[in-house]
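Visitor: Quick one: the structure is below, and I'll ask about it shortly.
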Amino acid sequence: MDRTVSKFGGSSLAGPAEFQRVKEILLKDPKRSVVVVSAPGKSSEEAFKVTDMLLMCAQLASAGFRYDEIFEQIANRFRRLVRELDLSLDIESLLEEVNAHIASGESSASCASRGEYLCAQLLADYMGWTFVDAADLFLFSSEGEVHEEESLKRIETKLSSVEKAVVPGFYGSLPDGKLTTFRRGGSDITGSLLAVGIGASLYENWTDVPGLLMADPKIVENPKPMRHMTYPELRELSYMGAKVLQEDAVFPLAREGIPLQIRSTLLPEDPGTLIAENGVHKEVVTGIAVKKDFRVFTLEKTKMREDRGFLRKLLSVFESNKVTVEGTPSGIDSVSVIVAEEQISGKLEKILEEIRMYCHPQRLTTQPGLALVVVVGKGMIRTKGVAARLFTSLAQADINIRMISQGSSELSILVGVENEDANRAVSALYQTFKGERDE
Ligand code: ASP
């Protein structure tokens with residue numbers, strides 16, 4: 001049977017009302033058979049994330065201070081859930097177990113993981129489903145890297161016989177049996193690997209936002225949602241800073257071709273955003289993103305192309321200065337190198353000097369303040385005139401284009417503009433392409 005893995009973030013499990021909503025969602029579709037939970041997060045009633053409070057307890061404990069006041073706040077949150085949801089599990093003995101865990105000097109990661117542990121126990125009880133401990137499924141190396149292959153094997157073996165399971169996100173075991181966690185927000189990775197391990201037909205990521213938006217709502221008012229997109233498109237947009245879930249979580253799903261659906265527990269009827277391997281969608285442009293503060297180095301040299309190894313020498317300067325290069329748009333006798341400004345700090349003079357020394361350009365200039373605006377869309381390949389409309393839209397908004405580059409995958413067009421023009425560029429492009437959504 002088709003199985004869906006559903007992951008709920010901390011804000012979707014912040015209190016009793018949220019738990020009720022999660023239950024309704026889970027019961028609505030019998031395919032939803034493996035649930036992954038974060039620890040209860042913030043809400044209008046709750047000012048703190050349980051994970052943050054556990055980390056505070058661990059810190060105080062390791063410094064030899066009392067942490068009982070904060071622990072009591074955590075305990076009361078779980079007690080309230082048990083009371084208001086009318087659960088039968090013995091919360092006091094679970095809380096005692098967690099308290100003893102912190103008191104015994106376990107690592108802060110190990111202590112932080114107890115929020116997910118308790119939350120999953122509660123949800124399992126509430127649903128009448130089986131609690132499956134992530135410590136038995138996820139194995140980490142002593143350096144703290146997850147052993148993917150071994151973990152996937154365990155997931156497949158242990159979960160194949162469980163019809164309905166609740167698994168805590170975020171943590172797993174080290175070779176010595178102690179616990180550790182993925183980085184913050186890591187329950188997404190737990191969920192994604194569970195989906196791969198059980199061969200799920202869908203991975204749902206439930207949060208408090210209704211999917212991905214076509215542009216940053218801080219720049220464009222009320223942007224349209226992106227209903228469908230492909231993994232490569234998601235990659236382009238997240239690279240440019242459109243945040244969804246952790247890259248480490250997306251990668252295994254994309255590799256296995258498991259669709260990912262981002263949905264909101266606040267709007268359970270809303271389809272959210274579906275990301276699939278090869279989704280077909282009608283939109284020409286899927287999304288627009290922007291990243292600011294790049295610096296451009298431009299070199300001019302006649303017969304640049306006849307100097308074999310010219311580009312290699314140029315790029316070696318950046319490599320040896322530990323600077324990552326974002327792109328190298330080039331002309332006949334000129335080439336530019338684009339890098340993030342933060343990478344250059346304190347190294348500018350040295351880099352310029354080394355370029356002069358190794359590449360002998362006739363002219364070398366460098367300019368800060370470049371913003372890269374990326375327009376992403378699988379449909380652009382098939383549609384004539386997209387580039388023309390894109391440039392007209394920027395010209396009409398009186399925006400000067402400093403650079404243009406079309407990704408070789410033809411998934412995106414990248415335009416370099418002044419930092420100050422970046423937001424206006426996004427708005428202009430959004431207005432031009434928003435009308436083509438298939439809603
Ligand atoms: N609870 C953890 C955190 O706050 C992990 C997660 O939510 O995914 O980072």
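The way I read the labels, and the way they are meant: chains A, B, ... in the order of the structure tokens, residue 1 as the first residue of every chain, and ligand 1 as the first ligand shown, with later ones counted on from there.
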For range 176-256 of chain A against range 365-382 of chain A, with a cut-off of 10 Å and counting only C-alpha atoms, what is the closest atom pair and its distance in Å to one decimal for every residue that makes the cut, ordered by chain and number, as a tab-separated table?
Guide:
```
residue	atom	partner	partner_atom	distance
A:Met214	CA	A:Val376	CA	9.8
A:Ala215	CA	A:Val375	CA	9.9
A:Met229	CA	A:Lys378	CA	8.5
A:Thr230	CA	A:Lys378	CA	8.1
A:Pro232	CA	A:Lys378	CA	8.9
A:Glu233	CA	A:Val376	CA	6.4
A:Leu234	CA	A:Val376	CA	8.9
A:Arg235	CA	A:Val376	CA	10.0
A:Glu236	CA	A:Val376	CA	7.1
A:Leu237	CA	A:Val376	CA	7.2
A:Met240	CA	A:Val374	CA	7.6
```
Visitor: From the DSSP assignment of the backbone, select every residue of range 265-439 of chain A that is alpha helix (DSSP H), and format the answer as a PyMOL selection string.
Guide: chain A and resi 310-320+341-344+348-359+386-396+422-433
Visitor: Write out as CSV a residue-level contact list of chain A versus ligand 1 with cut-off 7 Å: for each qualifying residue the closest pair of atoms and the distance in Å to one decimal, counting only C-alpha atoms and all ligand atoms, rows sorted by chain and residue number upward.
Guide:
```
residue,atom,partner,partner_atom_place_in_ligand_line,distance
A:Gly9,CA,ligand 1,7 (O),5.8
A:Gly10,CA,ligand 1,7 (O),5.5
A:Ser38,CA,ligand 1,7 (O),4.4
A:Ala39,CA,ligand 1,1 (N),4.7
A:Lys49,CA,ligand 1,4 (O),6.6
A:Thr51,CA,ligand 1,1 (N),5.1
A:Asp52,CA,ligand 1,4 (O),6.9
A:Gly115,CA,ligand 1,1 (N),6.9
A:Glu116,CA,ligand 1,1 (N),6.6
A:Gly169,CA,ligand 1,8 (O),6.5
A:Phe170,CA,ligand 1,5 (C),5.2
A:Arg183,CA,ligand 1,9 (O),6.9
A:Arg184,CA,ligand 1,9 (O),3.5
A:Gly185,CA,ligand 1,8 (O),3.2
A:Gly186,CA,ligand 1,8 (O),4.2
A:Ser187,CA,ligand 1,8 (O),3.6
A:Asp188,CA,ligand 1,8 (O),5.9
```
Visitor: I want to know what sits within 12 Å of Ser93 in chain A, based on only C-alpha atoms, with residues of the same chain fewer than 6 positions away left out; could you give that as a PyMOL selection string?
Guide: chain A and resi 75+79+99-100+118
Visitor: Can you measure CA of Asp29 in chain A to CA of Trp206 in chain A for me? One decimal in Å is fine.
Guide: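 So the answer is 14.4 Å.
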Visitor: Counting only C-alpha atoms, what is within 9 Å of Leu123 in chain A, bar same-chain residues fewer than 5 positions away, as a PyMOL selection string?
Guide: chain A and resi 19+23+37+118+128-129+131+166
Visitor: Would you work out the distance separating CA of Glu306 in chain A from CA of Ile332 in chain A, expressed in Å to one decimal?
Guide: 10.8 Å
Visitor: From the set A:Pro16, A:Gly257, A:Pro271, A:Gly177, which residue has the shortest atom-to-atom contact distance to Leu202 in chain A, counting only C-alpha atoms?
Guide: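 Of A:Pro16, A:Gly257, A:Pro271, A:Gly177, the one nearest Leu202 in chain A is A:Gly257, counting only C-alpha atoms.
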Visitor: Just the strand (DSSP E or B) stuff from range 110-240 of chain A, please, per backbone DSSP, written as JSON, numbers by chain.
Guide: {"A": [130, 131, 139, 140, 146, 165, 166, 167, 168, 171, 172, 173, 179, 180, 181, 202, 203, 204, 205, 206, 207, 213, 225, 228, 229, 230]}
Visitor: For the selection just defined, write its residues with N, CA, C and O atoms to a file, as a compact mmCIF listing (two decimals), in the first residue's frame.
Guide:
```
# COMPACT_ATOMS: atom_id res chain seq x y z
N THR A 130 1.76 3.34 17.41
CA THR A 130 2.95 2.81 18.08
C THR A 130 4.07 3.84 18.13
O THR A 130 4.43 4.42 17.10
N PHE A 131 4.64 4.02 19.32
CA PHE A 131 5.82 4.90 19.45
C PHE A 131 7.04 4.09 19.03
O PHE A 131 7.29 3.01 19.55
N LEU A 139 21.42 5.94 13.20
CA LEU A 139 22.74 5.69 13.75
C LEU A 139 23.69 6.78 13.26
O LEU A 139 23.74 7.08 12.07
N PHE A 140 24.44 7.35 14.19
CA PHE A 140 25.41 8.41 13.87
C PHE A 140 26.82 7.88 14.10
O PHE A 140 27.03 7.02 14.95
N VAL A 146 25.29 11.27 10.28
CA VAL A 146 24.37 10.13 10.25
C VAL A 146 24.86 9.08 9.24
O VAL A 146 25.38 9.41 8.18
N ALA A 165 2.88 4.41 12.93
CA ALA A 165 3.97 4.72 13.85
C ALA A 165 4.12 6.21 14.10
O ALA A 165 3.89 7.03 13.20
N VAL A 166 4.54 6.55 15.33
CA VAL A 166 4.93 7.93 15.64
C VAL A 166 6.42 7.89 16.01
O VAL A 166 6.82 7.15 16.91
N VAL A 167 7.21 8.68 15.29
CA VAL A 167 8.66 8.67 15.50
C VAL A 167 9.11 10.08 15.89
O VAL A 167 8.75 11.04 15.22
N PRO A 168 9.89 10.19 16.97
CA PRO A 168 10.42 11.52 17.30
C PRO A 168 11.48 11.96 16.29
O PRO A 168 12.32 11.15 15.88
N TYR A 171 16.81 13.23 16.45
CA TYR A 171 17.94 12.57 17.10
C TYR A 171 18.13 11.11 16.68
O TYR A 171 17.32 10.53 15.98
N GLY A 172 19.23 10.55 17.15
CA GLY A 172 19.55 9.15 16.91
C GLY A 172 20.66 8.75 17.87
O GLY A 172 20.98 9.51 18.79
N SER A 173 21.24 7.55 17.67
CA SER A 173 22.27 7.11 18.62
C SER A 173 23.66 7.12 18.05
O SER A 173 23.87 6.89 16.86
N LEU A 179 23.03 9.53 22.94
CA LEU A 179 22.20 10.17 21.91
C LEU A 179 22.86 11.41 21.34
O LEU A 179 23.63 12.08 22.03
N THR A 180 22.54 11.70 20.08
CA THR A 180 22.96 12.98 19.52
C THR A 180 21.87 13.45 18.56
O THR A 180 20.90 12.71 18.31
N THR A 181 22.04 14.66 18.03
CA THR A 181 20.98 15.20 17.17
C THR A 181 21.55 15.66 15.83
O THR A 181 22.75 15.86 15.68
N LEU A 202 4.85 9.59 -0.60
CA LEU A 202 4.78 11.03 -0.38
C LEU A 202 5.39 11.37 0.97
O LEU A 202 5.22 10.64 1.95
N TYR A 203 6.08 12.49 1.00
CA TYR A 203 6.55 13.03 2.28
C TYR A 203 5.90 14.39 2.49
O TYR A 203 6.07 15.30 1.68
N GLU A 204 5.13 14.49 3.57
CA GLU A 204 4.46 15.76 3.86
C GLU A 204 5.19 16.50 4.96
O GLU A 204 5.51 15.92 5.99
N ASN A 205 5.41 17.77 4.74
CA ASN A 205 6.05 18.59 5.75
C ASN A 205 5.05 19.66 6.18
O ASN A 205 4.79 20.61 5.45
N TRP A 206 4.47 19.47 7.37
CA TRP A 206 3.44 20.39 7.85
C TRP A 206 4.05 21.46 8.73
O TRP A 206 4.75 21.15 9.71
N THR A 207 3.81 22.72 8.37
CA THR A 207 4.36 23.82 9.16
C THR A 207 3.26 24.85 9.38
O THR A 207 2.08 24.52 9.31
N LEU A 213 6.10 30.58 -1.61
CA LEU A 213 5.51 31.69 -2.34
C LEU A 213 6.39 32.05 -3.53
O LEU A 213 7.60 31.82 -3.51
N PRO A 225 1.06 31.71 -4.20
CA PRO A 225 1.78 30.49 -3.80
C PRO A 225 2.30 29.75 -5.03
O PRO A 225 1.75 29.88 -6.12
N HIS A 228 3.09 23.91 -7.70
CA HIS A 228 3.91 22.77 -8.14
C HIS A 228 5.28 23.27 -8.50
O HIS A 228 5.41 24.33 -9.09
N MET A 229 6.25 22.49 -8.21
CA MET A 229 7.58 22.78 -8.73
C MET A 229 8.41 21.50 -8.74
O MET A 229 8.02 20.49 -8.17
N THR A 230 9.55 21.58 -9.44
CA THR A 230 10.39 20.39 -9.51
C THR A 230 11.56 20.55 -8.54
O THR A 230 11.86 21.65 -8.09
```
Visitor: Can you list, as a ChimeraX atom specification, every protein, DNA or RNA residue that comes within 12 Å of Gln73 in chain A when you count only C-alpha atoms, leaving out same-chain residues fewer than 6 positions away?
Guide: /A:46-50,52-54,56-57,67,79-80,95
Visitor: Pick out the residues sitting within 12 Å of Gln20 in chain A, and hand them over as a ChimeraX atom specification; count only C-alpha atoms, and ignore anything fewer than 5 positions along from it in its own chain.
Guide: /A:12-15,25-27,81,84-86,122-123,126-127,265-266
Visitor: Write out the residues from the selection above, keeping N, CA, C and O atoms, as a tab-separated table (two decimals), in the first residue's frame.
Guide:
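Result file is out.tsv:
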```tsv
chain	number	residue	atom	x	y	z
A	12	SER	N	3.28	23.43	15.02
A	12	SER	CA	2.07	22.64	14.78
A	12	SER	C	1.74	21.72	15.96
A	12	SER	O	0.76	20.98	15.93
A	13	LEU	N	2.62	21.71	16.97
A	13	LEU	CA	2.40	20.84	18.13
A	13	LEU	C	2.57	21.63	19.43
A	13	LEU	O	2.92	21.08	20.47
A	14	ALA	N	2.33	22.94	19.34
A	14	ALA	CA	2.66	23.81	20.48
A	14	ALA	C	1.75	23.58	21.69
A	14	ALA	O	2.16	23.78	22.82
A	15	GLY	N	0.51	23.17	21.47
A	15	GLY	CA	-0.42	23.01	22.60
A	15	GLY	C	-1.55	22.07	22.24
A	15	GLY	O	-1.58	21.50	21.15
A	25	ILE	N	-5.96	15.84	10.92
A	25	ILE	CA	-5.25	15.72	9.64
A	25	ILE	C	-4.83	14.26	9.42
A	25	ILE	O	-5.04	13.69	8.35
A	26	LEU	N	-4.28	13.65	10.46
A	26	LEU	CA	-3.78	12.28	10.30
A	26	LEU	C	-4.91	11.30	9.99
A	26	LEU	O	-4.73	10.35	9.22
A	27	LEU	N	-6.06	11.54	10.61
A	27	LEU	CA	-7.16	10.58	10.42
A	27	LEU	C	-7.86	10.75	9.07
A	27	LEU	O	-8.59	9.88	8.63
A	81	LEU	N	-0.77	19.20	28.32
A	81	LEU	CA	-1.18	18.44	27.13
A	81	LEU	C	-1.86	17.14	27.55
A	81	LEU	O	-2.92	16.77	27.03
A	84	GLU	N	-5.33	18.01	29.13
A	84	GLU	CA	-6.38	18.52	28.23
A	84	GLU	C	-6.71	17.56	27.10
A	84	GLU	O	-7.79	17.61	26.54
A	85	LEU	N	-5.78	16.69	26.78
A	85	LEU	CA	-6.08	15.73	25.71
A	85	LEU	C	-6.59	14.41	26.31
A	85	LEU	O	-6.85	13.46	25.60
A	86	ASP	N	-6.65	14.40	27.64
A	86	ASP	CA	-7.18	13.24	28.33
A	86	ASP	C	-6.38	11.97	28.03
A	86	ASP	O	-6.95	10.92	27.68
A	122	LEU	N	3.53	11.37	23.57
A	122	LEU	CA	2.19	11.92	23.78
A	122	LEU	C	1.32	11.72	22.54
A	122	LEU	O	0.17	11.29	22.64
A	123	LEU	N	1.89	12.02	21.38
A	123	LEU	CA	1.08	11.90	20.16
A	123	LEU	C	0.72	10.43	19.90
A	123	LEU	O	-0.40	10.13	19.47
A	126	TYR	N	-2.14	9.63	22.09
A	126	TYR	CA	-3.34	10.35	21.63
A	126	TYR	C	-3.94	9.69	20.39
A	126	TYR	O	-5.15	9.58	20.23
A	127	MET	N	-3.06	9.20	19.51
A	127	MET	CA	-3.54	8.58	18.27
A	127	MET	C	-3.87	7.10	18.46
A	127	MET	O	-4.53	6.49	17.62
A	265	THR	N	-0.72	23.50	8.84
A	265	THR	CA	-1.73	22.94	9.74
A	265	THR	C	-2.84	23.96	10.01
A	265	THR	O	-3.92	23.60	10.43
A	266	LEU	N	-2.54	25.23	9.77
A	266	LEU	CA	-3.56	26.26	10.00
A	266	LEU	C	-4.57	26.30	8.86
A	266	LEU	O	-5.68	26.77	9.03
```
Visitor: I'd like the neighbourhood of Arg66 in chain A as a PyMOL selection string, where a residue qualifies if any of its atoms comes within 12 Å (using only C-alpha atoms), though same-chain residues fewer than 4 positions away should be ignored.
Guide: chain A and resi 56-62+70-72+99+102-103
Visitor: What is the distance between CA of Glu149 in chain A and CA of Ala195 in chain A, in Å to one decimal?
Guide: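 Result for CA of Glu149 in chain A versus CA of Ala195 in chain A: 13.5 Å, one decimal.
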Visitor: Which residue out of A:Ser320, A:Asp208, A:Val337, A:Ile74 has the minimum interatomic distance to Ser43 in chain A when only C-alpha atoms are used?
Guide: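 Using only C-alpha atoms, the shortest distance to Ser43 in chain A belongs to A:Asp208.
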Visitor: Using 10 Å as the limit and counting only C-alpha atoms, can you tabulate each residue of range 269-333 of chain A that touches range 399-410 of chain A, with its shortest atom-to-atom distance in Å and the two atoms involved, as a tab-separated table?
Guide:
```
residue	atom	partner	partner_atom	distance
A:Val296	CA	A:Met403	CA	9.9
A:Gly327	CA	A:Ser405	CA	8.9
A:Thr328	CA	A:Ser405	CA	9.2
A:Pro329	CA	A:Ser405	CA	6.7
A:Ser330	CA	A:Ser405	CA	9.5
```
Visitor: Between A:Glu45, A:Val34, A:Ser108, A:Glu221, single out the one closest to Ala17 in chain A, counting only C-alpha atoms.
Guide: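 Closest to Ala17 in chain A, using only C-alpha atoms: A:Glu45.
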